[in-house]
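First comes the structure, then the notes that go with it.
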Amino acid sequence: MQQQELNRMVAQKLDLKIRILPDEASLAGDADGEGQDTGSARMLFLAQGEREALAQAAADEGLPEALQREIRSLAARGVFTGRLGETAALPTLGLMPGYQAVLLCGLGEAARIEGSDAWRDAGVYAVRAAHGQGLVRLAAPLPRAGRAVCRRRTQALAEGLWLGAYRMPSYARGSGAPQPPSLREVVLFAGTASEADAPAGLEPALGAARAKALAVYAARDLTNLPGNYLVPDTLAGVAQGLAARYGLECTVLDERAIVEHGMGGLAGVGAGSANPPRMVAVRVRGTAGGGEVLGLVGKGITFDTGGISLKKPEGMEEMISDMGGAAVLLGLLHMLGAQPPREDIVIVIPCAENMPSGTAFKPGDILTVMNGQTIEVLNTDAEGRVVLADGVLYAKQLGATRLIDVATLTGSVLMSFADVATGAVANDDGLLGEVLAAAKRAGEKVWPLPNYPEYHEMLRSSVADIKNSPSKDRWAGCITAGLFIGYFAGETPWVHLDTGGTAWLWSPRGTEPIGGTGAMVRTLAEYIYREA
């Protein structure tokens, strides 16, 4: 079972099929379609409005008068007004041959529709509603707009449809209740889109959405893997499998090589587990060449008990997600391998289990990382920053000229942003601005935290170069945790992304699913391919 799941991470695929046809008439004679069965629905995306405005929009899309009247009735009763996240299914009663239902999907306020976020979000909600109705096939016209805007909206809508189709894997093997049918296909009509060569001209947008969704699926699935399935060695094995699939260079250091490289931070954190640590590096060769190398570093703690500074047992099962940063970068390999970026990228993942035992590192220990600097350990549950110290140093040794690290680093980021936004700390305003702009384009929420000298002083140790926990009151915890990593980034431009609140959710929130979310996959993809 474990090996099957790990193999699936490497051979990741999307089950939902999304296609673009010239117009709705093409669907009738479509040889590739699955047939218009009783599980088919016509999707209609509507902006928020009064009942007459909604009915007129439905009329513009060719809906029969009887269904227009039903839309007026839904709006009058407040059941469907076009708010973002609202959906409603209307039976066609034979008035629209080939469709069992019309699925109404709200886009929200008209001003928001000008951007891409509303279309992405509406796609997620539409697929969820389709699952709830037992629908297996959807059809919808593409957004009407100018060429560039149409491409952006098409990509956003397709992203949303694929992301909404994600389902957390289940390991149940009992009979149980029968599962509802999954949505199998979405057909988008390009007839009223403004692309001169549609649908062929929109295929790149669909391909970009498919690549992002595949990367997010991979990150979510990895994050959701149980801790007994995913240990440091098997996480490294997934990286090796992905590198082999896409022809990339991959290096894995075992526990002996880690010590030989002087990576005392990673060796110390992994010392308490029966599953020894690994250091993973994957190099992606860019198409442009040149001296710039982007270093991406992801925290790969496959399970975190807190070590000797043991966590409370309630909720500890969430710590299967403490390798969420590593999952993001391994998910990205599906994109980077299929579509090489312009510049060289080196991905570094320090992998370990943080366990209590007679060989575990302890409060009061002094660890020496690979550049010879020392860390005073005050809290073994602040282990992520310790392994990332060796991670960023290794990335620099491998040639990285700027750095972005992704980590489920702190619980204190929840105090600032709940599970809504990712926190960012940086030593370079230009790089930070580029990452924030990428997050905005991707529709992910990232907010910068300050980098004041006073926070650096809080990390000063009297017996080592730096301490891994500032004080027992844990003031500014997510800031100082990030700046601890920045200490080892040194003068290299660097951004830290703390996904401690966003990588995992206990229940669905908005467009995000329960469990692993893949937060920051889309942001990093936007940043990497920003000039494509």
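Ordering of the structure tokens sets the chain letters (A, B, ...); residue numbers start at 1 within each chain; ligands are numbered from 1 in the order shown.
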Helix (DSSP H, G or I) residues, from DSSP on the backbone, in range 204-250 of chain A, as a PyMOL selection string: chain A and resi 204-224+232-246
Residue contacts of Val216 in chain A (8 Å, only C-alpha atoms) excluding same-chain residues fewer than 5 positions away, as a PyMOL selection string: chain A and resi 163+328+331-332+517-519+521-522
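Comparing the minimum interatomic distances between Gly430 in chain A and each of A:Phe361, A:Trp504, A:Trp494, A:Tyr455, counting only C-alpha atoms, we find that A:Trp494 sits nearest.
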Considering only C-alpha atoms, give me a table of residues in range 495-515 of chain A that are at most 10 Å from range 286-306 of chain A, with the closest atom pair and distance in Å for each, as a Markdown table.
| residue | atom | partner | partner_atom | distance |
| --- | --- | --- | --- | --- |
| A:Val495 | CA | A:Leu296 | CA | 9.9 |
| A:His496 | CA | A:Val297 | CA | 9.4 |
| A:Leu497 | CA | A:Gly298 | CA | 9.8 |
Please produce a file of the residues just selected, as a compact mmCIF listing (two decimals), in the first residue's frame, where the atoms kept are C-alpha atoms.
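Output saved as out_13.txt:
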# COMPACT_ATOMS: atom_id res chain seq x y z
CA VAL A 495 12.25 35.54 1.15
CA HIS A 496 10.73 33.23 3.73
CA LEU A 497 7.11 32.02 3.37
Which range 81-158 of chain A residues have any atom within 6 Å of an atom of range 37-57 of chain A, and for each, what is the nearest pair of atoms with distance in Å to one decimal, counting only C-alpha atoms, rows sorted by chain and number, as JSON lines?
{"residue": "A:Thr81", "atom": "CA", "partner": "A:Gln48", "partner_atom": "CA", "distance": 5.6}
{"residue": "A:Gly82", "atom": "CA", "partner": "A:Gln48", "partner_atom": "CA", "distance": 3.9}
{"residue": "A:Arg83", "atom": "CA", "partner": "A:Gln48", "partner_atom": "CA", "distance": 5.2}
{"residue": "A:Tyr99", "atom": "CA", "partner": "A:Ala41", "partner_atom": "CA", "distance": 5.0}
{"residue": "A:Gln100", "atom": "CA", "partner": "A:Thr38", "partner_atom": "CA", "distance": 5.5}
{"residue": "A:Ala101", "atom": "CA", "partner": "A:Ala41", "partner_atom": "CA", "distance": 4.7}
{"residue": "A:Val102", "atom": "CA", "partner": "A:Arg42", "partner_atom": "CA", "distance": 4.8}
{"residue": "A:Leu103", "atom": "CA", "partner": "A:Met43", "partner_atom": "CA", "distance": 4.7}
{"residue": "A:Leu104", "atom": "CA", "partner": "A:Leu44", "partner_atom": "CA", "distance": 5.0}
{"residue": "A:Cys105", "atom": "CA", "partner": "A:Phe45", "partner_atom": "CA", "distance": 4.8}
{"residue": "A:Gly106", "atom": "CA", "partner": "A:Leu46", "partner_atom": "CA", "distance": 5.2}
{"residue": "A:Leu107", "atom": "CA", "partner": "A:Ala47", "partner_atom": "CA", "distance": 4.8}
{"residue": "A:Gly108", "atom": "CA", "partner": "A:Gln48", "partner_atom": "CA", "distance": 4.9}
{"residue": "A:Glu109", "atom": "CA", "partner": "A:Gln48", "partner_atom": "CA", "distance": 5.2}
{"residue": "A:Ala110", "atom": "CA", "partner": "A:Ala47", "partner_atom": "CA", "distance": 5.8}
{"residue": "A:Leu135", "atom": "CA", "partner": "A:Gly39", "partner_atom": "CA", "distance": 4.5}
{"residue": "A:Val136", "atom": "CA", "partner": "A:Gly39", "partner_atom": "CA", "distance": 5.1}
{"residue": "A:Arg137", "atom": "CA", "partner": "A:Ser40", "partner_atom": "CA", "distance": 4.6}
{"residue": "A:Leu138", "atom": "CA", "partner": "A:Ala41", "partner_atom": "CA", "distance": 5.0}
{"residue": "A:Ala139", "atom": "CA", "partner": "A:Arg42", "partner_atom": "CA", "distance": 4.9}
{"residue": "A:Ala140", "atom": "CA", "partner": "A:Met43", "partner_atom": "CA", "distance": 4.9}
If we count only C-alpha atoms and set the cut-off at 7 Å, which residues sit around Ala209 in chain A, ignoring sequence neighbours fewer than 3 positions away in its own chain? Please answer as an MDAnalysis selection string. chainID A and resid 155 158:159 205:206 212:213
Could you please take those selected residues and save N, CA and C atoms as a short mmCIF file (atom, residue, chain, number, x, y, z; two decimals), in the first residue's frame?
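Full text of again16.cif as output:
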data_model
loop_
_atom_site.label_atom_id
_atom_site.label_comp_id
_atom_site.auth_asym_id
_atom_site.auth_seq_id
_atom_site.Cartn_x
_atom_site.Cartn_y
_atom_site.Cartn_z
N GLN A 155 -7.90 30.57 -18.16
CA GLN A 155 -6.95 29.85 -17.32
C GLN A 155 -7.44 29.79 -15.88
N ALA A 158 -10.42 27.34 -15.58
CA ALA A 158 -9.98 25.94 -15.66
C ALA A 158 -9.22 25.53 -14.40
N GLU A 159 -8.39 26.43 -13.87
CA GLU A 159 -7.71 26.15 -12.60
C GLU A 159 -8.72 25.83 -11.51
N ALA A 205 -3.66 28.56 -22.51
CA ALA A 205 -4.22 28.91 -21.21
C ALA A 205 -4.72 27.66 -20.49
N LEU A 206 -5.33 26.75 -21.23
CA LEU A 206 -5.81 25.51 -20.63
C LEU A 206 -4.62 24.66 -20.18
N LYS A 212 -0.56 23.83 -13.46
CA LYS A 212 -0.65 24.32 -12.07
C LYS A 212 -1.48 23.37 -11.22
N ALA A 213 -2.61 22.94 -11.76
CA ALA A 213 -3.48 22.05 -10.99
C ALA A 213 -2.77 20.73 -10.67
#
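For the atom pair formed by CA of Thr502 in chain A and CA of Gly315 in chain A, the distance is 15.8 Å, given to one decimal.
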I'd like the contact shell of Ile20 in chain A - 7 Å cut-off, only C-alpha atoms, skipping same-chain residues fewer than 4 positions apart - returned as a tab-separated table (two decimals) with C-alpha atoms, in the first residue's frame.
chain	number	residue	atom	x	y	z
A	187	VAL	CA	-16.61	21.17	-22.01
A	188	LEU	CA	-16.03	24.89	-22.54
A	189	PHE	CA	-17.43	26.65	-25.60
A	190	ALA	CA	-15.21	29.25	-27.21
A	199	PRO	CA	-10.33	27.33	-29.44
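Taking CA of Gly337 in chain A as the reference point, CA of Gly227 in chain A is found at 26.9 Å.
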Need to verify the contact set: range 67-73 of chain A, 7 Å, only C-alpha atoms, exclusion of same-chain residues closer than 2 positions in sequence. Can you return it as a PyMOL selection string? chain A and resi 51-52+55+58-59+63-65+75-77
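Closest to Thr368 in chain A among A:Val79, A:Ala122, A:Ala418, A:Met263 is A:Met263, based on only C-alpha atoms.
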Can you tell me, as number ranges by chain, what residues are no more than 10 Å from Arg278 in chain A when counting only C-alpha atoms, ignoring any on the same chain fewer than 5 positions away? A: 231-236, 252-258, 266-267, 270, 300, 349-353
Go ahead and write the residues just picked, N, CA and C atoms, as a PDB file, in the first residue's frame.
ATOM      1  N   VAL A 231       8.414   8.823   5.360  1.00  0.00           N
ATOM      2  CA  VAL A 231       9.527   9.091   6.274  1.00  0.00           C
ATOM      3  C   VAL A 231      10.626   9.754   5.449  1.00  0.00           C
ATOM      4  N   PRO A 232      11.700  10.234   6.066  1.00  0.00           N
ATOM      5  CA  PRO A 232      12.713  10.954   5.279  1.00  0.00           C
ATOM      6  C   PRO A 232      13.213  10.199   4.051  1.00  0.00           C
ATOM      7  N   ASP A 233      13.443   8.908   4.186  1.00  0.00           N
ATOM      8  CA  ASP A 233      13.977   8.163   3.050  1.00  0.00           C
ATOM      9  C   ASP A 233      12.963   8.037   1.928  1.00  0.00           C
ATOM     10  N   THR A 234      11.684   7.820   2.262  1.00  0.00           N
ATOM     11  CA  THR A 234      10.683   7.698   1.206  1.00  0.00           C
ATOM     12  C   THR A 234      10.365   9.047   0.578  1.00  0.00           C
ATOM     13  N   LEU A 235      10.446  10.144   1.354  1.00  0.00           N
ATOM     14  CA  LEU A 235      10.280  11.472   0.771  1.00  0.00           C
ATOM     15  C   LEU A 235      11.400  11.731  -0.238  1.00  0.00           C
ATOM     16  N   ALA A 236      12.622  11.343   0.131  1.00  0.00           N
ATOM     17  CA  ALA A 236      13.731  11.468  -0.812  1.00  0.00           C
ATOM     18  C   ALA A 236      13.499  10.591  -2.039  1.00  0.00           C
ATOM     19  N   VAL A 252      20.905  12.799  -3.223  1.00  0.00           N
ATOM     20  CA  VAL A 252      20.372  12.533  -1.892  1.00  0.00           C
ATOM     21  C   VAL A 252      21.538  12.173  -0.979  1.00  0.00           C
ATOM     22  N   LEU A 253      21.690  12.940   0.094  1.00  0.00           N
ATOM     23  CA  LEU A 253      22.711  12.647   1.103  1.00  0.00           C
ATOM     24  C   LEU A 253      22.069  11.835   2.223  1.00  0.00           C
ATOM     25  N   ASP A 254      22.670  10.680   2.560  1.00  0.00           N
ATOM     26  CA  ASP A 254      22.164   9.903   3.686  1.00  0.00           C
ATOM     27  C   ASP A 254      22.753  10.440   4.986  1.00  0.00           C
ATOM     28  N   GLU A 255      22.453   9.769   6.095  1.00  0.00           N
ATOM     29  CA  GLU A 255      22.856  10.303   7.396  1.00  0.00           C
ATOM     30  C   GLU A 255      24.368  10.425   7.535  1.00  0.00           C
ATOM     31  N   ARG A 256      25.112   9.521   6.895  1.00  0.00           N
ATOM     32  CA  ARG A 256      26.577   9.608   6.986  1.00  0.00           C
ATOM     33  C   ARG A 256      27.095  10.793   6.178  1.00  0.00           C
ATOM     34  N   ALA A 257      26.584  10.947   4.967  1.00  0.00           N
ATOM     35  CA  ALA A 257      27.015  12.065   4.127  1.00  0.00           C
ATOM     36  C   ALA A 257      26.609  13.403   4.741  1.00  0.00           C
ATOM     37  N   ILE A 258      25.462  13.441   5.417  1.00  0.00           N
ATOM     38  CA  ILE A 258      25.028  14.667   6.094  1.00  0.00           C
ATOM     39  C   ILE A 258      26.061  15.086   7.138  1.00  0.00           C
ATOM     40  N   LEU A 266      20.681  19.509  10.645  1.00  0.00           N
ATOM     41  CA  LEU A 266      19.836  18.425  10.156  1.00  0.00           C
ATOM     42  C   LEU A 266      20.151  17.121  10.886  1.00  0.00           C
ATOM     43  N   ALA A 267      21.429  16.844  11.091  1.00  0.00           N
ATOM     44  CA  ALA A 267      21.815  15.621  11.797  1.00  0.00           C
ATOM     45  C   ALA A 267      21.271  15.623  13.220  1.00  0.00           C
ATOM     46  N   GLY A 270      17.401  15.044  13.308  1.00  0.00           N
ATOM     47  CA  GLY A 270      17.035  13.687  12.935  1.00  0.00           C
ATOM     48  C   GLY A 270      17.581  12.612  13.841  1.00  0.00           C
ATOM     49  N   GLY A 300      11.189  19.698   5.220  1.00  0.00           N
ATOM     50  CA  GLY A 300      10.728  18.338   5.010  1.00  0.00           C
ATOM     51  C   GLY A 300      10.677  17.520   6.286  1.00  0.00           C
ATOM     52  N   ILE A 349      15.781  20.158  -0.077  1.00  0.00           N
ATOM     53  CA  ILE A 349      14.804  19.725   0.927  1.00  0.00           C
ATOM     54  C   ILE A 349      15.523  18.962   2.032  1.00  0.00           C
ATOM     55  N   PRO A 350      15.698  19.572   3.216  1.00  0.00           N
ATOM     56  CA  PRO A 350      16.196  18.814   4.365  1.00  0.00           C
ATOM     57  C   PRO A 350      15.058  18.004   4.975  1.00  0.00           C
ATOM     58  N   CYS A 351      15.246  16.695   5.080  1.00  0.00           N
ATOM     59  CA  CYS A 351      14.181  15.783   5.524  1.00  0.00           C
ATOM     60  C   CYS A 351      14.567  15.145   6.854  1.00  0.00           C
ATOM     61  N   ALA A 352      13.651  15.130   7.796  1.00  0.00           N
ATOM     62  CA  ALA A 352      13.906  14.494   9.092  1.00  0.00           C
ATOM     63  C   ALA A 352      12.583  14.227   9.787  1.00  0.00           C
ATOM     64  N   GLU A 353      12.610  13.321  10.775  1.00  0.00           N
ATOM     65  CA  GLU A 353      11.533  13.146  11.738  1.00  0.00           C
ATOM     66  C   GLU A 353      12.020  13.715  13.066  1.00  0.00           C
TER      67      GLU A 353
END
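Neighbouring residues of range 440-448 of chain A at 9 Å or closer, counting only C-alpha atoms and skipping chain neighbours under 2 positions away, are A:Ser116, A:Asp117, A:Arg120, A:Ala156, A:Phe417, A:Val420, A:Ala421, A:Thr422, A:Gly423, A:Ala424, A:Val425, A:Ala426, A:Leu432, A:Val435, A:Leu436, A:Ala437, A:Ala438, A:Pro450, A:Leu497, A:Ala519, A:Met520, A:Arg522, A:Thr523, A:Leu524, A:Ala525, A:Glu526.
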Write the residues of the selection above to a file with N, CA and C atoms, as a PDB file, in the first residue's frame.
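This is the output file again-v8.pdb:
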ATOM      1  N   SER A 116      -9.253  37.852 -12.309  1.00  0.00           N
ATOM      2  CA  SER A 116      -9.323  36.410 -12.529  1.00  0.00           C
ATOM      3  C   SER A 116      -9.810  35.643 -11.313  1.00  0.00           C
ATOM      4  N   ASP A 117      -9.664  36.228 -10.114  1.00  0.00           N
ATOM      5  CA  ASP A 117      -9.948  35.478  -8.895  1.00  0.00           C
ATOM      6  C   ASP A 117     -11.382  34.966  -8.846  1.00  0.00           C
ATOM      7  N   ARG A 120     -11.771  31.864 -10.973  1.00  0.00           N
ATOM      8  CA  ARG A 120     -11.133  30.698 -10.361  1.00  0.00           C
ATOM      9  C   ARG A 120     -11.991  30.172  -9.216  1.00  0.00           C
ATOM     10  N   ALA A 156      -7.944  30.918 -15.371  1.00  0.00           N
ATOM     11  CA  ALA A 156      -8.419  30.952 -13.988  1.00  0.00           C
ATOM     12  C   ALA A 156      -9.616  30.017 -13.792  1.00  0.00           C
ATOM     13  N   PHE A 417      -2.481  35.774  11.418  1.00  0.00           N
ATOM     14  CA  PHE A 417      -3.269  35.695  10.191  1.00  0.00           C
ATOM     15  C   PHE A 417      -4.316  34.590  10.198  1.00  0.00           C
ATOM     16  N   VAL A 420      -5.741  32.091   7.125  1.00  0.00           N
ATOM     17  CA  VAL A 420      -6.157  32.813   5.920  1.00  0.00           C
ATOM     18  C   VAL A 420      -4.979  33.198   5.037  1.00  0.00           C
ATOM     19  N   ALA A 421      -3.877  33.641   5.644  1.00  0.00           N
ATOM     20  CA  ALA A 421      -2.769  34.186   4.857  1.00  0.00           C
ATOM     21  C   ALA A 421      -1.448  33.563   5.269  1.00  0.00           C
ATOM     22  N   THR A 422      -0.526  33.558   4.330  1.00  0.00           N
ATOM     23  CA  THR A 422       0.854  33.125   4.552  1.00  0.00           C
ATOM     24  C   THR A 422       1.682  34.336   4.943  1.00  0.00           C
ATOM     25  N   GLY A 423       2.527  34.188   5.943  1.00  0.00           N
ATOM     26  CA  GLY A 423       3.399  35.275   6.368  1.00  0.00           C
ATOM     27  C   GLY A 423       4.705  35.261   5.594  1.00  0.00           C
ATOM     28  N   ALA A 424       5.242  36.445   5.319  1.00  0.00           N
ATOM     29  CA  ALA A 424       6.497  36.565   4.577  1.00  0.00           C
ATOM     30  C   ALA A 424       7.478  37.426   5.352  1.00  0.00           C
ATOM     31  N   VAL A 425       8.728  37.002   5.391  1.00  0.00           N
ATOM     32  CA  VAL A 425       9.827  37.767   5.968  1.00  0.00           C
ATOM     33  C   VAL A 425      10.936  37.777   4.926  1.00  0.00           C
ATOM     34  N   ALA A 426      11.635  38.896   4.774  1.00  0.00           N
ATOM     35  CA  ALA A 426      12.631  38.993   3.708  1.00  0.00           C
ATOM     36  C   ALA A 426      13.766  39.933   4.100  1.00  0.00           C
ATOM     37  N   LEU A 432      11.053  40.531  -2.414  1.00  0.00           N
ATOM     38  CA  LEU A 432       9.785  40.402  -1.701  1.00  0.00           C
ATOM     39  C   LEU A 432       8.647  40.963  -2.543  1.00  0.00           C
ATOM     40  N   VAL A 435       7.634  38.531  -5.231  1.00  0.00           N
ATOM     41  CA  VAL A 435       6.889  37.381  -4.701  1.00  0.00           C
ATOM     42  C   VAL A 435       5.461  37.792  -4.347  1.00  0.00           C
ATOM     43  N   LEU A 436       5.300  38.968  -3.740  1.00  0.00           N
ATOM     44  CA  LEU A 436       3.963  39.432  -3.388  1.00  0.00           C
ATOM     45  C   LEU A 436       3.117  39.668  -4.639  1.00  0.00           C
ATOM     46  N   ALA A 437       3.737  40.202  -5.685  1.00  0.00           N
ATOM     47  CA  ALA A 437       3.007  40.421  -6.938  1.00  0.00           C
ATOM     48  C   ALA A 437       2.599  39.085  -7.551  1.00  0.00           C
ATOM     49  N   ALA A 438       3.484  38.092  -7.464  1.00  0.00           N
ATOM     50  CA  ALA A 438       3.146  36.757  -7.979  1.00  0.00           C
ATOM     51  C   ALA A 438       1.979  36.163  -7.203  1.00  0.00           C
ATOM     52  N   PRO A 450       7.573  42.595   9.411  1.00  0.00           N
ATOM     53  CA  PRO A 450       8.720  43.513   9.489  1.00  0.00           C
ATOM     54  C   PRO A 450      10.035  42.801   9.763  1.00  0.00           C
ATOM     55  N   LEU A 497       8.576  32.137   3.403  1.00  0.00           N
ATOM     56  CA  LEU A 497       7.113  32.024   3.374  1.00  0.00           C
ATOM     57  C   LEU A 497       6.682  31.030   4.439  1.00  0.00           C
ATOM     58  N   ALA A 519      -0.759  25.267  -0.581  1.00  0.00           N
ATOM     59  CA  ALA A 519      -0.547  26.716  -0.564  1.00  0.00           C
ATOM     60  C   ALA A 519       0.874  27.064  -0.975  1.00  0.00           C
ATOM     61  N   MET A 520       1.014  28.010  -1.845  1.00  0.00           N
ATOM     62  CA  MET A 520       2.231  28.589  -2.397  1.00  0.00           C
ATOM     63  C   MET A 520       2.725  27.898  -3.662  1.00  0.00           C
ATOM     64  N   ARG A 522       0.957  27.825  -6.501  1.00  0.00           N
ATOM     65  CA  ARG A 522       0.584  28.744  -7.583  1.00  0.00           C
ATOM     66  C   ARG A 522       1.405  30.022  -7.521  1.00  0.00           C
ATOM     67  N   THR A 523       1.704  30.492  -6.304  1.00  0.00           N
ATOM     68  CA  THR A 523       2.516  31.703  -6.173  1.00  0.00           C
ATOM     69  C   THR A 523       3.908  31.490  -6.748  1.00  0.00           C
ATOM     70  N   LEU A 524       4.554  30.404  -6.379  1.00  0.00           N
ATOM     71  CA  LEU A 524       5.902  30.148  -6.889  1.00  0.00           C
ATOM     72  C   LEU A 524       5.884  29.900  -8.394  1.00  0.00           C
ATOM     73  N   ALA A 525       4.838  29.246  -8.892  1.00  0.00           N
ATOM     74  CA  ALA A 525       4.728  29.048 -10.338  1.00  0.00           C
ATOM     75  C   ALA A 525       4.621  30.388 -11.055  1.00  0.00           C
ATOM     76  N   GLU A 526       3.816  31.294 -10.519  1.00  0.00           N
ATOM     77  CA  GLU A 526       3.696  32.630 -11.110  1.00  0.00           C
ATOM     78  C   GLU A 526       5.027  33.362 -11.073  1.00  0.00           C
TER      79      GLU A 526
END
Among range 361-445 of chain A, which residues carry a DSSP assignment of strand (DSSP E), reported as a PyMOL selection string? chain A and resi 366-368+374-376+402-407+422-426
